[in-house]
$ cat data.txt   # compact mmCIF, N, CA and C atoms
# COMPACT_ATOMS: atom_id res chain seq x y z
N MET A 1 -10.10 -1.89 33.30
CA MET A 1 -10.37 -2.15 31.89
C MET A 1 -9.77 -1.00 31.07
N ALA A 2 -9.16 -1.36 29.97
CA ALA A 2 -8.58 -0.36 29.08
C ALA A 2 -9.31 -0.41 27.74
N LEU A 3 -9.39 0.74 27.10
CA LEU A 3 -10.09 0.88 25.83
C LEU A 3 -9.09 0.76 24.69
N PHE A 4 -9.44 -0.09 23.70
CA PHE A 4 -8.60 -0.29 22.51
C PHE A 4 -9.45 -0.11 21.26
N PHE A 5 -8.81 0.34 20.19
CA PHE A 5 -9.48 0.58 18.91
C PHE A 5 -8.83 -0.29 17.85
N PHE A 6 -9.66 -0.87 16.99
CA PHE A 6 -9.20 -1.82 15.97
C PHE A 6 -9.49 -1.23 14.60
N HIS A 7 -8.47 -0.66 13.98
CA HIS A 7 -8.59 -0.04 12.66
C HIS A 7 -8.16 -1.06 11.61
N THR A 8 -8.95 -1.20 10.55
CA THR A 8 -8.62 -2.18 9.51
C THR A 8 -8.43 -1.47 8.18
N GLU A 9 -7.59 -2.08 7.36
CA GLU A 9 -7.36 -1.54 6.02
C GLU A 9 -7.24 -2.69 5.04
N THR A 10 -8.12 -2.67 4.05
CA THR A 10 -8.06 -3.60 2.92
C THR A 10 -7.90 -2.71 1.71
N ASP A 11 -8.86 -2.72 0.80
CA ASP A 11 -8.82 -1.75 -0.29
C ASP A 11 -9.37 -0.40 0.18
N HIS A 12 -9.94 -0.40 1.38
CA HIS A 12 -10.36 0.85 2.02
C HIS A 12 -10.12 0.74 3.53
N ARG A 13 -10.01 1.88 4.17
CA ARG A 13 -9.71 1.92 5.61
C ARG A 13 -11.01 2.07 6.40
N VAL A 14 -11.11 1.31 7.49
CA VAL A 14 -12.22 1.44 8.42
C VAL A 14 -11.63 1.85 9.77
N THR A 15 -12.03 3.02 10.24
CA THR A 15 -11.53 3.54 11.50
C THR A 15 -12.54 3.23 12.60
N ASP A 16 -12.08 2.56 13.62
CA ASP A 16 -12.92 2.22 14.78
C ASP A 16 -13.04 3.47 15.65
N THR A 17 -14.23 4.01 15.75
CA THR A 17 -14.44 5.22 16.55
C THR A 17 -15.04 4.93 17.92
N GLU A 18 -15.46 3.69 18.14
CA GLU A 18 -16.09 3.34 19.41
C GLU A 18 -15.13 2.66 20.39
N GLY A 19 -14.31 1.77 19.87
CA GLY A 19 -13.39 1.04 20.72
C GLY A 19 -14.07 -0.05 21.52
N THR A 20 -13.25 -0.88 22.13
CA THR A 20 -13.73 -1.99 22.96
C THR A 20 -12.85 -2.06 24.19
N GLU A 21 -13.47 -2.29 25.33
CA GLU A 21 -12.71 -2.42 26.57
C GLU A 21 -12.28 -3.87 26.78
N PHE A 22 -11.06 -4.02 27.26
CA PHE A 22 -10.51 -5.34 27.58
C PHE A 22 -9.85 -5.27 28.95
N PRO A 23 -9.93 -6.35 29.71
CA PRO A 23 -9.32 -6.35 31.04
C PRO A 23 -7.79 -6.39 31.02
N SER A 24 -7.21 -6.80 29.89
CA SER A 24 -5.75 -6.85 29.81
C SER A 24 -5.29 -6.64 28.38
N TYR A 25 -4.03 -6.25 28.25
CA TYR A 25 -3.47 -6.07 26.91
C TYR A 25 -3.39 -7.39 26.16
N ILE A 26 -3.23 -8.50 26.88
CA ILE A 26 -3.14 -9.81 26.24
C ILE A 26 -4.43 -10.12 25.49
N GLU A 27 -5.56 -9.81 26.11
CA GLU A 27 -6.85 -10.06 25.46
C GLU A 27 -7.09 -9.10 24.30
N ALA A 28 -6.63 -7.87 24.41
CA ALA A 28 -6.77 -6.91 23.31
C ALA A 28 -5.92 -7.34 22.12
N ARG A 29 -4.71 -7.78 22.38
CA ARG A 29 -3.84 -8.24 21.30
C ARG A 29 -4.42 -9.48 20.61
N ALA A 30 -4.97 -10.39 21.41
CA ALA A 30 -5.60 -11.59 20.84
C ALA A 30 -6.79 -11.20 19.96
N GLU A 31 -7.53 -10.17 20.34
CA GLU A 31 -8.66 -9.72 19.52
C GLU A 31 -8.16 -9.14 18.19
N GLY A 32 -7.02 -8.50 18.19
CA GLY A 32 -6.43 -8.03 16.93
C GLY A 32 -6.15 -9.19 15.99
N ILE A 33 -5.66 -10.29 16.52
CA ILE A 33 -5.39 -11.48 15.71
C ILE A 33 -6.70 -12.06 15.18
N ARG A 34 -7.71 -12.15 16.05
CA ARG A 34 -9.01 -12.66 15.61
C ARG A 34 -9.61 -11.77 14.53
N THR A 35 -9.45 -10.45 14.68
CA THR A 35 -9.97 -9.51 13.67
C THR A 35 -9.32 -9.76 12.32
N ALA A 36 -8.01 -9.94 12.30
CA ALA A 36 -7.30 -10.21 11.04
C ALA A 36 -7.79 -11.52 10.42
N GLY A 37 -7.94 -12.54 11.24
CA GLY A 37 -8.41 -13.82 10.73
C GLY A 37 -9.82 -13.74 10.19
N GLN A 38 -10.68 -12.98 10.86
CA GLN A 38 -12.06 -12.84 10.40
C GLN A 38 -12.13 -12.09 9.07
N MET A 39 -11.27 -11.08 8.91
CA MET A 39 -11.23 -10.35 7.63
C MET A 39 -10.93 -11.31 6.48
N MET A 40 -9.95 -12.17 6.67
CA MET A 40 -9.57 -13.10 5.61
C MET A 40 -10.65 -14.15 5.40
N GLN A 41 -11.29 -14.59 6.46
CA GLN A 41 -12.33 -15.59 6.35
C GLN A 41 -13.56 -15.04 5.63
N ASP A 42 -13.89 -13.78 5.87
CA ASP A 42 -15.10 -13.18 5.30
C ASP A 42 -15.03 -13.03 3.78
N VAL A 43 -13.88 -12.68 3.25
CA VAL A 43 -13.77 -12.42 1.80
C VAL A 43 -12.45 -12.93 1.23
N PRO A 44 -12.21 -14.24 1.29
CA PRO A 44 -10.93 -14.76 0.81
C PRO A 44 -10.71 -14.51 -0.68
N GLU A 45 -11.79 -14.44 -1.45
CA GLU A 45 -11.64 -14.22 -2.89
C GLU A 45 -11.11 -12.83 -3.21
N ILE A 46 -11.26 -11.89 -2.30
CA ILE A 46 -10.76 -10.52 -2.53
C ILE A 46 -9.32 -10.39 -2.07
N PHE A 47 -8.91 -11.21 -1.09
CA PHE A 47 -7.56 -11.08 -0.52
C PHE A 47 -6.47 -11.23 -1.57
N TRP A 48 -6.56 -12.29 -2.39
CA TRP A 48 -5.52 -12.52 -3.40
C TRP A 48 -5.63 -11.47 -4.49
N GLY A 49 -4.53 -10.85 -4.79
CA GLY A 49 -4.50 -9.85 -5.85
C GLY A 49 -4.81 -8.45 -5.37
N SER A 50 -5.11 -8.30 -4.08
CA SER A 50 -5.37 -6.96 -3.57
C SER A 50 -4.10 -6.41 -2.91
N ARG A 51 -4.18 -5.20 -2.47
CA ARG A 51 -3.06 -4.62 -1.74
C ARG A 51 -2.95 -5.31 -0.38
N PRO A 52 -1.84 -5.18 0.32
CA PRO A 52 -1.74 -5.78 1.65
C PRO A 52 -2.83 -5.25 2.59
N TRP A 53 -3.31 -6.11 3.46
CA TRP A 53 -4.32 -5.75 4.45
C TRP A 53 -3.62 -5.55 5.78
N SER A 54 -4.27 -4.78 6.67
CA SER A 54 -3.67 -4.58 7.99
C SER A 54 -4.74 -4.36 9.05
N VAL A 55 -4.35 -4.67 10.27
CA VAL A 55 -5.13 -4.35 11.46
C VAL A 55 -4.19 -3.58 12.38
N SER A 56 -4.59 -2.40 12.80
CA SER A 56 -3.82 -1.61 13.76
C SER A 56 -4.64 -1.48 15.03
N VAL A 57 -4.03 -1.81 16.13
CA VAL A 57 -4.70 -1.71 17.43
C VAL A 57 -4.07 -0.53 18.16
N THR A 58 -4.92 0.44 18.53
CA THR A 58 -4.43 1.61 19.23
C THR A 58 -5.05 1.68 20.62
N ASN A 59 -4.39 2.43 21.49
CA ASN A 59 -4.96 2.65 22.81
C ASN A 59 -5.85 3.89 22.77
N ALA A 60 -6.38 4.29 23.91
CA ALA A 60 -7.30 5.43 23.98
C ALA A 60 -6.63 6.74 23.60
N ASP A 61 -5.30 6.80 23.68
CA ASP A 61 -4.57 8.01 23.30
C ASP A 61 -4.22 8.03 21.81
N GLY A 62 -4.59 6.96 21.09
CA GLY A 62 -4.30 6.89 19.66
C GLY A 62 -2.93 6.32 19.33
N LEU A 63 -2.21 5.84 20.33
CA LEU A 63 -0.90 5.24 20.08
C LEU A 63 -1.06 3.83 19.54
N ILE A 64 -0.34 3.51 18.48
CA ILE A 64 -0.40 2.16 17.92
C ILE A 64 0.31 1.21 18.87
N MET A 65 -0.44 0.21 19.32
CA MET A 65 0.11 -0.79 20.23
C MET A 65 0.61 -2.01 19.45
N TRP A 66 -0.18 -2.46 18.47
CA TRP A 66 0.18 -3.62 17.65
C TRP A 66 -0.33 -3.43 16.24
N GLU A 67 0.40 -3.98 15.29
CA GLU A 67 -0.05 -3.98 13.90
C GLU A 67 0.14 -5.36 13.32
N ILE A 68 -0.82 -5.76 12.53
CA ILE A 68 -0.74 -7.03 11.81
C ILE A 68 -0.85 -6.70 10.33
N HIS A 69 0.10 -7.19 9.54
CA HIS A 69 0.09 -6.96 8.10
C HIS A 69 -0.10 -8.30 7.40
N LEU A 70 -1.04 -8.34 6.47
CA LEU A 70 -1.36 -9.56 5.73
C LEU A 70 -1.13 -9.30 4.25
N ASP A 71 -0.25 -10.07 3.65
CA ASP A 71 0.07 -9.89 2.24
C ASP A 71 0.27 -11.25 1.59
N GLY A 72 -0.67 -11.66 0.78
CA GLY A 72 -0.56 -12.94 0.09
C GLY A 72 0.18 -12.77 -1.24
N GLN A 73 1.11 -13.63 -1.49
CA GLN A 73 1.88 -13.60 -2.72
C GLN A 73 1.70 -14.92 -3.47
N THR A 74 1.47 -14.85 -4.76
CA THR A 74 1.38 -16.05 -5.58
C THR A 74 2.76 -16.34 -6.15
N SER A 75 3.22 -17.57 -5.94
CA SER A 75 4.54 -17.97 -6.46
C SER A 75 4.42 -18.26 -7.96
N PRO A 76 5.54 -18.34 -8.65
CA PRO A 76 5.47 -18.68 -10.08
C PRO A 76 4.71 -19.98 -10.34
N ALA A 77 4.88 -20.99 -9.49
CA ALA A 77 4.16 -22.25 -9.68
C ALA A 77 2.66 -22.04 -9.54
N GLY A 78 2.24 -21.18 -8.63
CA GLY A 78 0.83 -20.92 -8.42
C GLY A 78 0.22 -20.11 -9.56
N ARG A 79 1.01 -19.31 -10.24
CA ARG A 79 0.48 -18.50 -11.33
C ARG A 79 -0.08 -19.37 -12.46
N SER A 80 0.49 -20.55 -12.62
CA SER A 80 -0.01 -21.44 -13.68
C SER A 80 -1.41 -21.93 -13.39
N LEU A 81 -1.88 -21.80 -12.16
CA LEU A 81 -3.22 -22.24 -11.80
C LEU A 81 -4.26 -21.13 -11.95
N GLU A 82 -3.80 -19.90 -12.15
CA GLU A 82 -4.69 -18.76 -12.29
C GLU A 82 -5.38 -18.79 -13.66
N PRO A 83 -6.63 -18.33 -13.72
CA PRO A 83 -7.29 -18.26 -15.02
C PRO A 83 -6.58 -17.26 -15.93
N ALA A 84 -6.59 -17.56 -17.21
CA ALA A 84 -5.93 -16.67 -18.19
C ALA A 84 -6.68 -15.36 -18.28
N SER A 85 -5.93 -14.25 -18.37
CA SER A 85 -6.56 -12.93 -18.52
C SER A 85 -7.01 -12.76 -19.96
N THR A 86 -8.13 -12.07 -20.09
CA THR A 86 -8.61 -11.81 -21.45
C THR A 86 -8.60 -10.34 -21.73
$ encode --input "data.txt" --output "structure tokens"
Amino acid sequence: MALFFFHTETDHRVTDTEGTEFPSYIEARAEGIRTAGQMMQDVPEIFWGSRPWSVSVTNADGLIMWEIHLDGQTSPAGRSLEPAST
């Protein structure tokens, strides 16, 4: 089993100090994807209009193994659906 850490960044950074053990890198990488999906599912109203979000998965030595970057962009057509700013 290998230890992996899942650091997340939205409008603030959360550093994983405990880590999670996985029997293979494939399962650790899949957990990184699930973590990114859960972040978006938990607060979708904050995602749009915020800075890009990310999940960084590191090994026990602190080396970045995988990174996922999430950045939603509103197209010009979508801007017409946004509420007017006051």
$ residues_around --input "data.txt" --residues "Leu3 of chain A" --least-positions-apart "3" --cutoff "8 Å" --atoms "only N, CA and C atoms" --output "list in words"
Phe6, Glu18, Gly19, Thr20, Glu21, Phe22, Pro23, Thr58, Asn59, Ala60 and Asp61 of chain A
$ select_by_dssp --input "data.txt" --residues "chain A" --states "alpha helix (DSSP H)" --output "ChimeraX atom specification"
/A:25-42,44-47,76-79
$ closest_residue --input "data.txt" --among "A:Ile46, A:Ala77, A:Met65, A:Leu70" --to "Arg29 of chain A" --atoms "only N, CA and C atoms"
A:Met65
$ select_by_dssp --input "data.txt" --residues "chain A" --states "strand (DSSP E or B)" --output "list in words"
Ala2, Leu3, Phe4, Phe5, Phe6, His7, Thr8, Glu9, Arg13, Val14, Thr20, Glu21, Phe22, Trp53, Ser54, Val55, Ser56, Val57, Thr58, Asn59, Ile64, Met65, Trp66, Glu67, Ile68, His69 and Leu70 of chain A
$ atom_distance --input "data.txt" --atom1 "atom N of Pro52 of chain A" --atom2 "atom C of Thr10 of chain A"
6.7 Å
$ atom_distance --input "data.txt" --atom1 "atom CA of Ala30 of chain A" --atom2 "atom CA of Val55 of chain A"
11.9 Å
$ residues_around --input "data.txt" --residues "Trp53 of chain A" --least-positions-apart "4" --cutoff "7 Å" --atoms "all atoms listed in the file" --output "list in words"
Thr8, Glu9, Thr10, Asp11, Ile68, His69, Leu70, Asp71 and Gly72 of chain A
$ closest_residue --input "data.txt" --among "A:Val57, A:Leu63, A:Ala2, A:Leu81" --to "Arg34 of chain A" --atoms "only C-alpha atoms"
A:Val57
$ closest_residue --input "data.txt" --among "A:Thr15, A:Gly32, A:Ser80, A:Glu27" --to "Trp66 of chain A" --atoms "only C-alpha atoms"
A:Gly32
$ atom_distance --input "data.txt" --atom1 "atom C of Met1 of chain A" --atom2 "atom CA of Ala36 of chain A"
22.2 Å
$ residues_around --input "data.txt" --residues "Gln73 of chain A" --least-positions-apart "6" --cutoff "8 Å" --atoms "all atoms listed in the file" --output "list in words"
Phe47, Trp48 and Gly49 of chain A
$ axis_aligned_box --input "data.txt" --around "segment 13-18 of chain A" --padding-each-side "4 Å" --output "AutoDock Vina command-line options"
--center_x -12.9 --center_y 3.3 --center_z 12.3 --size_x 14.4 --size_y 11.9 --size_z 24.2
$ closest_residue --input "data.txt" --among "A:His12, A:Arg51, A:Glu67, A:Glu45" --to "Ile33 of chain A" --atoms "only C-alpha atoms"
A:Glu67
$ closest_residue --input "data.txt" --among "A:His7, A:Asp16, A:Thr74, A:Glu82" --to "Ser54 of chain A" --atoms "only N, CA and C atoms"
A:His7
$ decode --input "data.txt" --residues "segment 73-84 of chain A" --atoms "all heavy atoms" --output "JSON list (two decimals), in the first residue's frame"
[["chain", "number", "residue", "atom", "x", "y", "z"],
["A", 73, "GLN", "N", -15.78, 28.35, -18.02],
["A", 73, "GLN", "CA", -15.84, 29.61, -18.77],
["A", 73, "GLN", "C", -17.24, 29.81, -19.32],
["A", 73, "GLN", "O", -17.83, 28.88, -19.86],
["A", 73, "GLN", "CB", -14.84, 29.58, -19.93],
["A", 73, "GLN", "CG", -13.41, 29.39, -19.51],
["A", 73, "GLN", "CD", -12.87, 30.60, -18.78],
["A", 73, "GLN", "OE1", -13.16, 31.73, -19.16],
["A", 73, "GLN", "NE2", -12.11, 30.38, -17.74],
["A", 74, "THR", "N", -17.77, 31.00, -19.18],
["A", 74, "THR", "CA", -19.07, 31.33, -19.75],
["A", 74, "THR", "C", -18.84, 31.93, -21.14],
["A", 74, "THR", "O", -18.07, 32.88, -21.29],
["A", 74, "THR", "CB", -19.82, 32.35, -18.86],
["A", 74, "THR", "OG1", -19.98, 31.77, -17.56],
["A", 74, "THR", "CG2", -21.19, 32.68, -19.44],
["A", 75, "SER", "N", -19.51, 31.37, -22.13],
["A", 75, "SER", "CA", -19.38, 31.87, -23.50],
["A", 75, "SER", "C", -20.21, 33.14, -23.65],
["A", 75, "SER", "O", -21.06, 33.45, -22.81],
["A", 75, "SER", "CB", -19.87, 30.82, -24.49],
["A", 75, "SER", "OG", -21.28, 30.72, -24.40],
["A", 76, "PRO", "N", -19.99, 33.90, -24.71],
["A", 76, "PRO", "CA", -20.81, 35.10, -24.92],
["A", 76, "PRO", "C", -22.31, 34.78, -24.93],
["A", 76, "PRO", "O", -23.11, 35.54, -24.39],
["A", 76, "PRO", "CB", -20.33, 35.61, -26.28],
["A", 76, "PRO", "CG", -18.90, 35.17, -26.34],
["A", 76, "PRO", "CD", -18.90, 33.81, -25.68],
["A", 77, "ALA", "N", -22.72, 33.65, -25.51],
["A", 77, "ALA", "CA", -24.13, 33.30, -25.53],
["A", 77, "ALA", "C", -24.65, 33.06, -24.12],
["A", 77, "ALA", "O", -25.78, 33.42, -23.77],
["A", 77, "ALA", "CB", -24.37, 32.07, -26.40],
["A", 78, "GLY", "N", -23.84, 32.46, -23.27],
["A", 78, "GLY", "CA", -24.24, 32.18, -21.90],
["A", 78, "GLY", "C", -24.31, 33.44, -21.05],
["A", 78, "GLY", "O", -25.08, 33.50, -20.08],
["A", 79, "ARG", "N", -23.54, 34.46, -21.38],
["A", 79, "ARG", "CA", -23.56, 35.69, -20.61],
["A", 79, "ARG", "C", -24.93, 36.36, -20.64],
["A", 79, "ARG", "O", -25.33, 37.03, -19.70],
["A", 79, "ARG", "CB", -22.49, 36.66, -21.10],
["A", 79, "ARG", "CG", -21.12, 36.24, -20.71],
["A", 79, "ARG", "CD", -20.06, 37.29, -21.06],
["A", 79, "ARG", "NE", -18.77, 36.64, -21.05],
["A", 79, "ARG", "CZ", -18.01, 36.47, -22.13],
["A", 79, "ARG", "NH1", -18.37, 36.96, -23.30],
["A", 79, "ARG", "NH2", -16.86, 35.86, -22.04],
["A", 80, "SER", "N", -25.65, 36.16, -21.72],
["A", 80, "SER", "CA", -26.99, 36.77, -21.82],
["A", 80, "SER", "C", -27.96, 36.15, -20.82],
["A", 80, "SER", "O", -29.01, 36.73, -20.55],
["A", 80, "SER", "CB", -27.54, 36.63, -23.24],
["A", 80, "SER", "OG", -27.79, 35.27, -23.53],
["A", 81, "LEU", "N", -27.62, 35.00, -20.27],
["A", 81, "LEU", "CA", -28.49, 34.34, -19.30],
["A", 81, "LEU", "C", -28.18, 34.74, -17.86],
["A", 81, "LEU", "O", -28.94, 34.42, -16.96],
["A", 81, "LEU", "CB", -28.35, 32.82, -19.42],
["A", 81, "LEU", "CG", -28.65, 32.24, -20.81],
["A", 81, "LEU", "CD1", -28.32, 30.76, -20.84],
["A", 81, "LEU", "CD2", -30.11, 32.49, -21.16],
["A", 82, "GLU", "N", -27.05, 35.42, -17.66],
["A", 82, "GLU", "CA", -26.63, 35.83, -16.33],
["A", 82, "GLU", "C", -27.49, 37.01, -15.85],
["A", 82, "GLU", "O", -27.89, 37.85, -16.65],
["A", 82, "GLU", "CB", -25.16, 36.26, -16.33],
["A", 82, "GLU", "CG", -24.20, 35.16, -16.74],
["A", 82, "GLU", "CD", -24.08, 34.07, -15.68],
["A", 82, "GLU", "OE1", -24.22, 34.37, -14.50],
["A", 82, "GLU", "OE2", -23.83, 32.92, -16.08],
["A", 83, "PRO", "N", -27.76, 37.07, -14.55],
["A", 83, "PRO", "CA", -28.50, 38.22, -14.03],
["A", 83, "PRO", "C", -27.70, 39.50, -14.22],
["A", 83, "PRO", "O", -26.46, 39.48, -14.17],
["A", 83, "PRO", "CB", -28.70, 37.91, -12.54],
["A", 83, "PRO", "CG", -27.79, 36.78, -12.24],
["A", 83, "PRO", "CD", -27.40, 36.13, -13.53],
["A", 84, "ALA", "N", -28.41, 40.59, -14.45],
["A", 84, "ALA", "CA", -27.75, 41.89, -14.65],
["A", 84, "ALA", "C", -27.10, 42.34, -13.35],
["A", 84, "ALA", "O", -27.63, 42.15, -12.26],
["A", 84, "ALA", "CB", -28.77, 42.92, -15.10]]
